[in-house]
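Undergrad: Provided herewith: coords31.txt, compact mmCIF, C-alpha atoms and all ligand atoms.
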```txt
# COMPACT_ATOMS: atom_id res chain seq x y z
CA MET A 665 14.16 -30.31 -5.50
CA LYS A 666 14.67 -27.22 -3.35
CA GLN A 667 14.38 -27.70 0.41
CA ILE A 668 12.70 -25.01 2.43
CA LEU A 669 12.75 -24.85 6.20
CA ILE A 670 9.71 -23.26 7.83
CA VAL A 671 10.29 -22.15 11.42
CA GLU A 672 6.85 -21.20 12.68
CA ASP A 673 5.03 -22.08 15.89
CA GLU A 674 1.52 -21.39 14.62
CA SER A 675 0.70 -24.71 13.01
CA ARG A 676 -2.09 -23.23 10.92
CA ILE A 677 0.28 -20.79 9.25
CA ALA A 678 3.07 -23.37 8.91
CA ALA A 679 0.68 -25.84 7.27
CA PHE A 680 -0.68 -23.17 4.94
CA ILE A 681 2.81 -22.22 3.74
CA ALA A 682 3.95 -25.85 3.46
CA LYS A 683 0.90 -26.79 1.40
CA GLY A 684 1.41 -23.88 -0.99
CA LEU A 685 5.12 -24.60 -1.41
CA LYS A 686 4.56 -28.32 -1.98
CA ALA A 687 2.09 -27.45 -4.72
CA LYS A 688 4.88 -25.41 -6.32
CA GLY A 689 7.31 -28.32 -6.19
CA TYR A 690 9.31 -27.49 -3.07
CA ASN A 691 10.14 -29.85 -0.22
CA THR A 692 9.37 -28.42 3.17
CA THR A 693 10.36 -29.15 6.75
CA ILE A 694 8.54 -27.50 9.62
CA ALA A 695 10.20 -26.65 12.94
CA GLU A 696 7.76 -25.36 15.54
CA ASP A 697 10.27 -23.92 17.97
CA ALA A 698 13.80 -22.59 18.13
CA ASP A 699 15.32 -25.74 19.65
CA THR A 700 13.96 -27.91 16.85
CA ALA A 701 15.21 -25.45 14.25
CA LEU A 702 18.68 -25.41 15.76
CA ASN A 703 18.88 -29.18 16.27
CA LEU A 704 17.73 -30.50 12.93
CA PRO A 705 19.62 -33.63 11.99
CA PHE A 706 22.98 -32.92 10.45
CA GLY A 707 22.84 -33.48 6.73
CA TYR A 708 19.70 -31.52 6.14
CA GLN A 709 20.60 -29.17 3.35
CA PHE A 710 18.21 -26.29 3.15
CA ASP A 711 18.12 -23.88 0.25
CA LEU A 712 16.19 -21.27 2.18
CA ALA A 713 14.52 -20.72 5.55
CA LEU A 714 11.37 -18.84 6.52
CA LEU A 715 11.77 -17.70 10.08
CA ASP A 716 9.09 -16.49 12.48
CA LEU A 717 10.40 -14.15 15.17
CA GLY A 718 7.93 -14.83 17.99
CA LEU A 719 8.80 -18.42 18.91
CA PRO A 720 8.46 -20.35 22.15
CA GLY A 721 11.81 -20.61 23.90
CA GLN A 722 14.42 -18.69 22.01
CA ASP A 723 13.46 -15.83 19.77
CA GLY A 724 13.76 -16.11 15.98
CA LEU A 725 16.50 -13.48 16.00
CA GLU A 726 18.56 -15.73 18.30
CA VAL A 727 18.04 -18.61 15.89
CA LEU A 728 19.25 -16.42 13.05
CA GLU A 729 22.27 -15.35 15.06
CA ALA A 730 23.10 -18.96 15.88
CA TRP A 731 22.86 -20.04 12.23
CA ARG A 732 25.02 -17.20 10.98
CA GLY A 733 27.48 -17.85 13.83
CA GLN A 734 27.78 -21.46 12.63
CA GLY A 735 28.43 -20.28 9.09
CA ILE A 736 25.03 -21.46 7.85
CA ASN A 737 24.42 -19.06 5.01
CA PHE A 738 21.18 -20.08 3.29
CA PRO A 739 18.86 -17.14 2.55
CA VAL A 740 16.52 -16.33 5.42
CA ILE A 741 13.21 -14.55 5.05
CA ILE A 742 11.78 -13.35 8.34
CA LEU A 743 8.02 -13.71 8.76
CA THR A 744 6.53 -11.92 11.65
CA ALA A 745 3.49 -10.26 13.07
CA ARG A 746 5.70 -7.55 14.51
CA ASP A 747 5.75 -4.58 12.24
CA ASP A 748 8.17 -2.82 14.50
CA VAL A 749 10.91 -1.11 12.50
CA THR A 750 13.50 -1.97 15.16
CA ASP A 751 12.92 -5.69 14.69
CA LYS A 752 13.22 -5.27 10.96
CA VAL A 753 16.53 -3.45 11.24
CA VAL A 754 17.87 -5.93 13.78
CA GLY A 755 16.74 -8.84 11.58
CA LEU A 756 18.44 -7.49 8.50
CA GLN A 757 21.58 -6.60 10.43
CA GLY A 758 21.53 -10.09 11.92
CA GLY A 759 21.84 -11.55 8.44
CA ALA A 760 18.28 -11.95 7.22
CA ASP A 761 17.79 -11.45 3.50
CA ASP A 762 14.22 -10.27 3.49
CA TYR A 763 11.37 -9.52 5.81
CA MET A 764 7.62 -10.02 5.53
CA THR A 765 5.01 -8.80 7.95
CA LYS A 766 1.99 -10.98 8.69
CA PRO A 767 -0.59 -11.22 7.33
CA PHE A 768 1.00 -11.73 3.93
CA SER A 769 -0.25 -13.31 0.76
CA PHE A 770 1.13 -16.60 -0.46
CA ALA A 771 1.78 -15.19 -3.93
CA GLU A 772 3.98 -12.45 -2.51
CA LEU A 773 5.83 -14.87 -0.26
CA LEU A 774 6.44 -17.18 -3.23
CA ALA A 775 7.69 -14.29 -5.36
CA ARG A 776 10.17 -13.31 -2.65
CA ILE A 777 11.32 -16.91 -2.18
CA GLU A 778 11.93 -17.20 -5.91
CA VAL A 779 13.93 -13.98 -5.95
CA ARG A 780 16.13 -15.24 -3.10
CA LEU A 781 16.66 -18.65 -4.66
CA LYS A 782 17.56 -17.06 -7.99
CA ASN A 783 20.02 -14.70 -6.35
CA THR A 784 21.80 -17.59 -4.69
CA ASN A 785 22.06 -19.37 -8.04
CA HIS A 786 23.74 -16.29 -9.55
CA ASP A 787 21.45 -16.74 -12.47
CA GLN A 788 22.57 -14.53 -15.31
CA GLN A 789 19.10 -14.44 -16.76
CA LYS A 790 17.93 -12.85 -13.55
CA SER A 791 16.88 -9.53 -15.01
CA GLU A 792 14.79 -11.17 -17.72
CA GLN A 793 13.15 -13.54 -15.27
CA MET A 794 12.12 -10.63 -13.15
CA GLN A 795 9.69 -9.55 -15.82
CA ILE A 796 6.61 -11.28 -17.15
CA VAL A 797 5.46 -10.10 -20.56
CA ARG A 798 1.91 -10.64 -21.82
CA ASP A 799 0.91 -8.93 -25.05
CA ASN A 800 1.69 -5.24 -24.71
CA MET A 801 1.98 -5.48 -20.91
CA THR A 802 5.10 -6.06 -18.85
CA LEU A 803 4.91 -6.86 -15.17
CA ASP A 804 8.16 -6.00 -13.42
CA LEU A 805 8.69 -7.99 -10.25
CA ARG A 806 11.52 -5.80 -9.01
CA THR A 807 9.96 -2.39 -9.34
CA ARG A 808 6.50 -3.93 -8.80
CA LYS A 809 5.08 -1.82 -11.61
CA ILE A 810 3.28 -2.67 -14.81
CA LEU A 811 4.18 -1.18 -18.16
CA ILE A 812 1.50 -0.95 -20.82
CA ASP A 813 2.92 0.28 -24.14
CA ASN A 814 5.67 1.98 -22.09
CA ARG A 815 3.14 3.73 -19.87
CA GLU A 816 4.05 2.99 -16.26
CA ILE A 817 1.25 1.93 -13.93
CA GLU A 818 1.70 1.79 -10.21
CA LEU A 819 -0.49 -0.56 -8.21
CA PRO A 820 -0.96 -0.92 -4.47
CA ALA A 821 0.59 -4.13 -3.11
CA ARG A 822 -2.52 -6.30 -3.12
CA GLU A 823 -3.56 -5.25 -6.62
CA PHE A 824 -0.05 -5.93 -7.89
CA THR A 825 -0.11 -9.39 -6.31
CA MET A 826 -3.42 -10.15 -7.98
CA ALA A 827 -2.08 -8.90 -11.32
CA GLU A 828 0.95 -11.14 -10.86
CA VAL A 829 -1.28 -14.17 -10.30
CA PHE A 830 -3.09 -13.44 -13.56
CA PHE A 831 0.19 -12.86 -15.43
CA ARG A 832 1.57 -16.15 -14.18
CA HIS A 833 -1.53 -18.01 -15.41
CA PRO A 834 -2.32 -16.38 -18.76
CA GLY A 835 -5.54 -17.56 -20.36
CA GLN A 836 -6.26 -19.83 -17.40
CA VAL A 837 -9.51 -19.36 -15.51
CA MET A 838 -8.81 -18.54 -11.88
CA SER A 839 -11.67 -19.26 -9.50
CA ARG A 840 -12.53 -16.84 -6.70
CA GLN A 841 -11.25 -19.41 -4.22
CA GLN A 842 -7.90 -19.74 -6.00
CA LEU A 843 -7.54 -15.98 -6.07
CA LEU A 844 -8.43 -15.72 -2.38
CA ASP A 845 -5.84 -18.36 -1.49
CA LEU A 846 -3.10 -16.87 -3.65
CA VAL A 847 -3.68 -13.19 -3.05
CA TRP A 848 -5.10 -13.03 0.46
CA GLY A 849 -3.82 -16.25 1.97
CA TYR A 850 -5.35 -17.27 5.25
CA ASP A 851 -6.30 -13.72 6.02
CA TYR A 852 -9.72 -13.37 4.46
CA ASP A 853 -13.40 -13.69 5.09
CA PRO A 854 -14.58 -16.43 2.69
CA GLY A 855 -17.98 -14.77 2.29
CA SER A 856 -16.63 -11.47 1.05
CA ASN A 857 -16.76 -10.16 -2.50
CA ILE A 858 -13.23 -8.83 -2.23
CA VAL A 859 -12.02 -10.70 -5.33
CA ASP A 860 -14.66 -9.03 -7.50
CA VAL A 861 -13.84 -5.65 -6.02
CA TYR A 862 -10.13 -6.04 -6.81
CA VAL A 863 -10.81 -7.32 -10.31
CA GLY A 864 -12.74 -4.06 -10.74
CA TYR A 865 -9.71 -2.05 -9.57
CA LEU A 866 -7.41 -3.88 -11.98
CA ARG A 867 -9.77 -3.38 -14.91
CA LYS A 868 -9.88 0.32 -14.16
CA LYS A 869 -6.10 0.55 -14.30
CA LEU A 870 -5.15 -2.04 -16.92
CA GLY A 871 -8.15 -1.73 -19.21
CA ASN A 872 -11.63 -3.15 -19.05
CA LYS A 873 -10.98 -6.06 -21.37
CA THR A 874 -7.76 -7.17 -19.70
CA ILE A 875 -9.55 -9.46 -17.28
CA GLU A 876 -12.45 -11.48 -18.58
CA THR A 877 -15.28 -12.85 -16.49
CA VAL A 878 -15.91 -16.53 -17.12
CA ARG A 879 -19.44 -17.01 -15.96
CA GLY A 880 -19.83 -19.37 -13.02
CA MET A 881 -16.09 -20.11 -12.96
CA GLY A 882 -14.01 -17.06 -12.26
CA TYR A 883 -11.69 -14.70 -14.11
CA ARG A 884 -8.84 -14.90 -16.56
CA LEU A 885 -6.24 -12.68 -18.09
CA SER A 886 -7.30 -12.13 -21.64
CA ILE A 887 -4.50 -12.64 -24.15
CA ARG A 888 -4.79 -12.00 -27.82
CA CA A 901 4.94 -16.98 16.30
```
As structure tokens, how would this structure be written, given the file I've shared?
TA:
Amino acid sequence: MKQILIVEDESRIAAFIAKGLKAKGYNTTIAEDADTALNLPFGYQFDLALLDLGLPGQDGLEVLEAWRGQGINFPVIILTARDDVTDKVVGLQGGADDYMTKPFSFAELLARIEVRLKNTNHDQQKSEQMQIVRDNMTLDLRTRKILIDNREIELPAREFTMAEVFFRHPGQVMSRQQLLDLVWGYDYDPGSNIVDVYVGYLRKKLGNKTIETVRGMGYRLSIR
């Protein structure tokens, strides 16, 4: 089982990520500050770390620097509320593998984690696994585009993430709550009709019949 280290001082966000990852079969360890992250018991073998930058005590970038200085080379995805380009550049130069700005959706985080874990496995099937094919539609996780009968469709990030959730659960009814959790994460107003609005956007672009309404339950990707 893959071990993921979550370095995050906001316990609400750490718990949200840990819960989602556990549901996907990952083991998680949470460190709420830099000292804890840097002093985890020897023998902990992490496959990947999620690293918040704004931490009490030392900054996340210092943690990253310390790890890389010690030759710890697991993939690191930076998670931060700072959308400052400088931080991003410094993070990537400091040896981070990817960077996500909060708020982010769990589905997108998971997709990025999977890409990083696959890259470290040098999986030769990588290119095939980066595409999900359903009927005449191909969702490409690298270009983040959808091909329908070789017609290329570009979707804004949130719509793509929602499409990905449907593609990963073909024929399965997804409730509004599940879609909120997977696509919007903790960053949503539970009373909003945002799911319905986005289903409308996807239908407009992918075809009206692509996503079925299952009365009283939710939506599903229709497959022939
Ligand atoms: Ca923080």
Undergrad: Out of A:Leu774, A:Val727, A:Ile741, A:Ala678, which residue has the shortest atom-to-atom distance to ligand CA 901 (chain A) when counting all atoms listed in the file?
TA: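 Between A:Leu774, A:Val727, A:Ile741, A:Ala678, the residue approaching ligand CA 901 (chain A) most closely is A:Ala678.
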Undergrad: Can you work out which residues are within 10 Å of ligand CA 901 (chain A), considering only C-alpha atoms and all ligand atoms, and then hand them over as a list in words?
TA: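 Every residue with an atom at most 10 Å from ligand CA 901 (chain A) is listed here: Val671, Glu672, Asp673, Glu674, Ser675, Ile677, Ala678, Glu696, Asp697, Leu715, Asp716, Leu717, Gly718, Leu719, Pro720, Asp723, Gly724, Leu743, Thr744, Ala745 and Arg746 of chain A.
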Undergrad: Which residues, written as a list in words, have at least one atom at most 12 Å from Tyr865 (chain A), with all atoms listed in the file counted and residues fewer than 2 positions away on the same chain left out?
TA: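 The residues satisfying every condition are Leu819, Pro820, Arg822, Glu823, Phe824, Met826, Ala827, Ile858, Val859, Asp860, Val861, Tyr862, Val863, Arg867, Lys868, Lys869, Leu870, Gly871, Asn872, Thr874 and Ile875 of chain A.
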Undergrad: Have a look at A:Asn703, A:Thr750, A:Thr877, A:Gln722 and name the one nearest to Met838 (chain A); count all atoms listed in the file.
TA: A:Thr877
Undergrad: Around the point (-4.7, -16.4, -23.7), in the coordinates given by the file, pick out the residues reaching within 10 Å, counting all atoms listed in the file, and return them as a list in words.
TA: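 These residues have at least one counted atom within 10 Å: Arg798, Asp799, His833, Pro834, Gly835, Gln836, Val837, Arg884, Leu885, Ser886, Ile887 and Arg888 of chain A.
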Undergrad: Using all atoms listed in the file, pick whichever of A:Thr807, A:Glu729, A:Leu712, A:Arg840 has the shortest atom-to-atom distance to Glu778 (chain A).
TA: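 Using all atoms listed in the file, the shortest distance to Glu778 (chain A) belongs to A:Leu712.
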Undergrad: Within 10 Å of (-7.8, -13.9, -0.5) (coordinates as in the file), grab all the protein and nucleic acid residues, counting all atoms listed in the file, and write them out as a PyMOL selection string.
TA: chain A and resi 769-770+822+826+840-854+856-859
Undergrad: Grab the residues selected above and save them as a PDB file, in the frame of the given file with C-alpha atoms.
TA:
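selection.pdb, freshly written:
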```
ATOM      1  CA  SER A 769      -0.250 -13.310   0.760  1.00  0.00           C
ATOM      2  CA  PHE A 770       1.130 -16.600  -0.460  1.00  0.00           C
ATOM      3  CA  ARG A 822      -2.520  -6.300  -3.120  1.00  0.00           C
ATOM      4  CA  MET A 826      -3.420 -10.150  -7.980  1.00  0.00           C
ATOM      5  CA  ARG A 840     -12.530 -16.840  -6.700  1.00  0.00           C
ATOM      6  CA  GLN A 841     -11.250 -19.410  -4.220  1.00  0.00           C
ATOM      7  CA  GLN A 842      -7.900 -19.740  -6.000  1.00  0.00           C
ATOM      8  CA  LEU A 843      -7.540 -15.980  -6.070  1.00  0.00           C
ATOM      9  CA  LEU A 844      -8.430 -15.720  -2.380  1.00  0.00           C
ATOM     10  CA  ASP A 845      -5.840 -18.360  -1.490  1.00  0.00           C
ATOM     11  CA  LEU A 846      -3.100 -16.870  -3.650  1.00  0.00           C
ATOM     12  CA  VAL A 847      -3.680 -13.190  -3.050  1.00  0.00           C
ATOM     13  CA  TRP A 848      -5.100 -13.030   0.460  1.00  0.00           C
ATOM     14  CA  GLY A 849      -3.820 -16.250   1.970  1.00  0.00           C
ATOM     15  CA  TYR A 850      -5.350 -17.270   5.250  1.00  0.00           C
ATOM     16  CA  ASP A 851      -6.300 -13.720   6.020  1.00  0.00           C
ATOM     17  CA  TYR A 852      -9.720 -13.370   4.460  1.00  0.00           C
ATOM     18  CA  ASP A 853     -13.400 -13.690   5.090  1.00  0.00           C
ATOM     19  CA  PRO A 854     -14.580 -16.430   2.690  1.00  0.00           C
ATOM     20  CA  SER A 856     -16.630 -11.470   1.050  1.00  0.00           C
ATOM     21  CA  ASN A 857     -16.760 -10.160  -2.500  1.00  0.00           C
ATOM     22  CA  ILE A 858     -13.230  -8.830  -2.230  1.00  0.00           C
ATOM     23  CA  VAL A 859     -12.020 -10.700  -5.330  1.00  0.00           C
TER      24      VAL A 859
END
```
Undergrad: By how many Å are CA of Gln757 (chain A) and CA of Thr825 (chain A) apart?
TA: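 Distance reported for this atom pair: 27.5 Å.
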Undergrad: Write out as an NGL selection string which residues come within 12 Å of Arg780 (chain A) when counting only C-alpha atoms, dropping same-chain ones fewer than 6 positions away.
TA: :A and (668 or 711-714 or 738-741 or 760-763 or 773-774 or 786-787 or 790 or 794)
Undergrad: Compare A:Ile694, A:Leu781, A:Leu725, A:Met665 by their minimum atom-to-atom distance to Ile681 (chain A), counting all atoms listed in the file, and give me the closest one.
TA: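 With all atoms listed in the file as the atom set, the closest residue is A:Ile694.
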Undergrad: So how many Å separate CA of Val753 (chain A) and CA of Ile810 (chain A), to one decimal?
TA: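 Between CA of Val753 (chain A) and CA of Ile810 (chain A) the gap is 29.2 Å.
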Undergrad: I'd like the interatomic distance between CA of Met801 (chain A) and CA of Glu828 (chain A), to a tenth of an Å.
TA: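 Computing the Euclidean distance for CA of Met801 (chain A) and CA of Glu828 (chain A) yields 11.6 Å.
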Undergrad: Quick one: of A:Val779, A:Leu756, A:Gly721, A:Val797, who's nearest to Ala698 (chain A), counting only C-alpha atoms?
TA: A:Gly721
Undergrad: Could you check which of A:Thr700, A:Thr765, A:Asn783, A:Thr692 is closest to Lys666 (chain A), using all atoms listed in the file?
TA: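 The closest residue to Lys666 (chain A) is A:Thr692.
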Undergrad: Where atoms are missing, can you supply all heavy atoms for region 732-743 of chain A and output the lot as a tab-separated table (two decimals), in the coordinates of the input?
TA:
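Once written, result-v3.tsv looks like this:
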```tsv
chain	number	residue	atom	x	y	z
A	732	ARG	N	23.96	-17.99	11.63
A	732	ARG	CA	25.02	-17.20	10.98
A	732	ARG	C	26.35	-17.43	11.70
A	732	ARG	O	27.40	-17.49	11.06
A	732	ARG	CB	24.65	-15.72	10.93
A	732	ARG	CG	23.41	-15.39	10.06
A	732	ARG	CD	23.44	-16.02	8.69
A	732	ARG	NE	22.40	-15.50	7.79
A	732	ARG	CZ	21.75	-16.22	6.89
A	732	ARG	NH1	22.02	-17.53	6.77
A	732	ARG	NH2	20.85	-15.68	6.10
A	733	GLY	N	26.27	-17.58	13.05
A	733	GLY	CA	27.48	-17.85	13.83
A	733	GLY	C	28.11	-19.18	13.46
A	733	GLY	O	29.32	-19.37	13.55
A	734	GLN	N	27.26	-20.14	13.02
A	734	GLN	CA	27.78	-21.46	12.63
A	734	GLN	C	28.16	-21.48	11.16
A	734	GLN	O	28.46	-22.54	10.60
A	734	GLN	CB	26.71	-22.53	12.86
A	734	GLN	CG	26.37	-22.80	14.32
A	734	GLN	CD	25.05	-23.55	14.49
A	734	GLN	OE1	24.57	-24.19	13.56
A	734	GLN	NE2	24.44	-23.44	15.66
A	735	GLY	N	28.07	-20.33	10.51
A	735	GLY	CA	28.43	-20.28	9.09
A	735	GLY	C	27.35	-20.83	8.17
A	735	GLY	O	27.61	-21.11	7.00
A	736	ILE	N	26.13	-20.99	8.69
A	736	ILE	CA	25.03	-21.46	7.85
A	736	ILE	C	24.52	-20.24	7.07
A	736	ILE	O	24.06	-19.27	7.66
A	736	ILE	CB	23.90	-22.09	8.69
A	736	ILE	CG1	24.43	-23.35	9.38
A	736	ILE	CG2	22.68	-22.40	7.83
A	736	ILE	CD1	23.46	-23.98	10.36
A	737	ASN	N	24.65	-20.30	5.76
A	737	ASN	CA	24.42	-19.06	5.01
A	737	ASN	C	23.27	-19.15	4.01
A	737	ASN	O	23.23	-18.39	3.04
A	737	ASN	CB	25.71	-18.61	4.33
A	737	ASN	CG	26.20	-19.66	3.36
A	737	ASN	OD1	25.59	-20.73	3.23
A	737	ASN	ND2	27.29	-19.40	2.68
A	738	PHE	N	22.32	-20.08	4.21
A	738	PHE	CA	21.18	-20.08	3.29
A	738	PHE	C	20.39	-18.78	3.46
A	738	PHE	O	20.45	-18.15	4.53
A	738	PHE	CB	20.28	-21.32	3.47
A	738	PHE	CG	19.89	-21.67	4.88
A	738	PHE	CD1	19.29	-20.75	5.72
A	738	PHE	CD2	20.09	-22.97	5.36
A	738	PHE	CE1	18.90	-21.08	7.01
A	738	PHE	CE2	19.71	-23.31	6.65
A	738	PHE	CZ	19.12	-22.37	7.47
A	739	PRO	N	19.65	-18.36	2.40
A	739	PRO	CA	18.86	-17.14	2.55
A	739	PRO	C	17.77	-17.33	3.61
A	739	PRO	O	17.19	-18.42	3.72
A	739	PRO	CB	18.20	-16.95	1.18
A	739	PRO	CG	18.83	-17.92	0.27
A	739	PRO	CD	19.54	-18.96	1.07
A	740	VAL	N	17.54	-16.28	4.38
A	740	VAL	CA	16.52	-16.33	5.42
A	740	VAL	C	15.53	-15.20	5.20
A	740	VAL	O	15.92	-14.04	5.06
A	740	VAL	CB	17.15	-16.20	6.83
A	740	VAL	CG1	16.08	-16.07	7.90
A	740	VAL	CG2	18.05	-17.40	7.12
A	741	ILE	N	14.26	-15.56	5.14
A	741	ILE	CA	13.21	-14.55	5.05
A	741	ILE	C	12.47	-14.57	6.38
A	741	ILE	O	11.95	-15.61	6.79
A	741	ILE	CB	12.23	-14.84	3.89
A	741	ILE	CG1	12.98	-14.86	2.56
A	741	ILE	CG2	11.10	-13.79	3.87
A	741	ILE	CD1	12.11	-15.21	1.36
A	742	ILE	N	12.46	-13.44	7.05
A	742	ILE	CA	11.78	-13.35	8.34
A	742	ILE	C	10.29	-13.12	8.10
A	742	ILE	O	9.90	-12.30	7.26
A	742	ILE	CB	12.39	-12.21	9.18
A	742	ILE	CG1	13.78	-12.64	9.68
A	742	ILE	CG2	11.49	-11.84	10.34
A	742	ILE	CD1	14.49	-11.59	10.48
A	743	LEU	N	9.47	-13.87	8.82
A	743	LEU	CA	8.02	-13.71	8.76
A	743	LEU	C	7.57	-13.35	10.16
A	743	LEU	O	7.84	-14.10	11.09
A	743	LEU	CB	7.33	-15.05	8.43
A	743	LEU	CG	7.73	-15.78	7.18
A	743	LEU	CD1	6.97	-17.10	7.13
A	743	LEU	CD2	7.38	-14.94	5.97
```
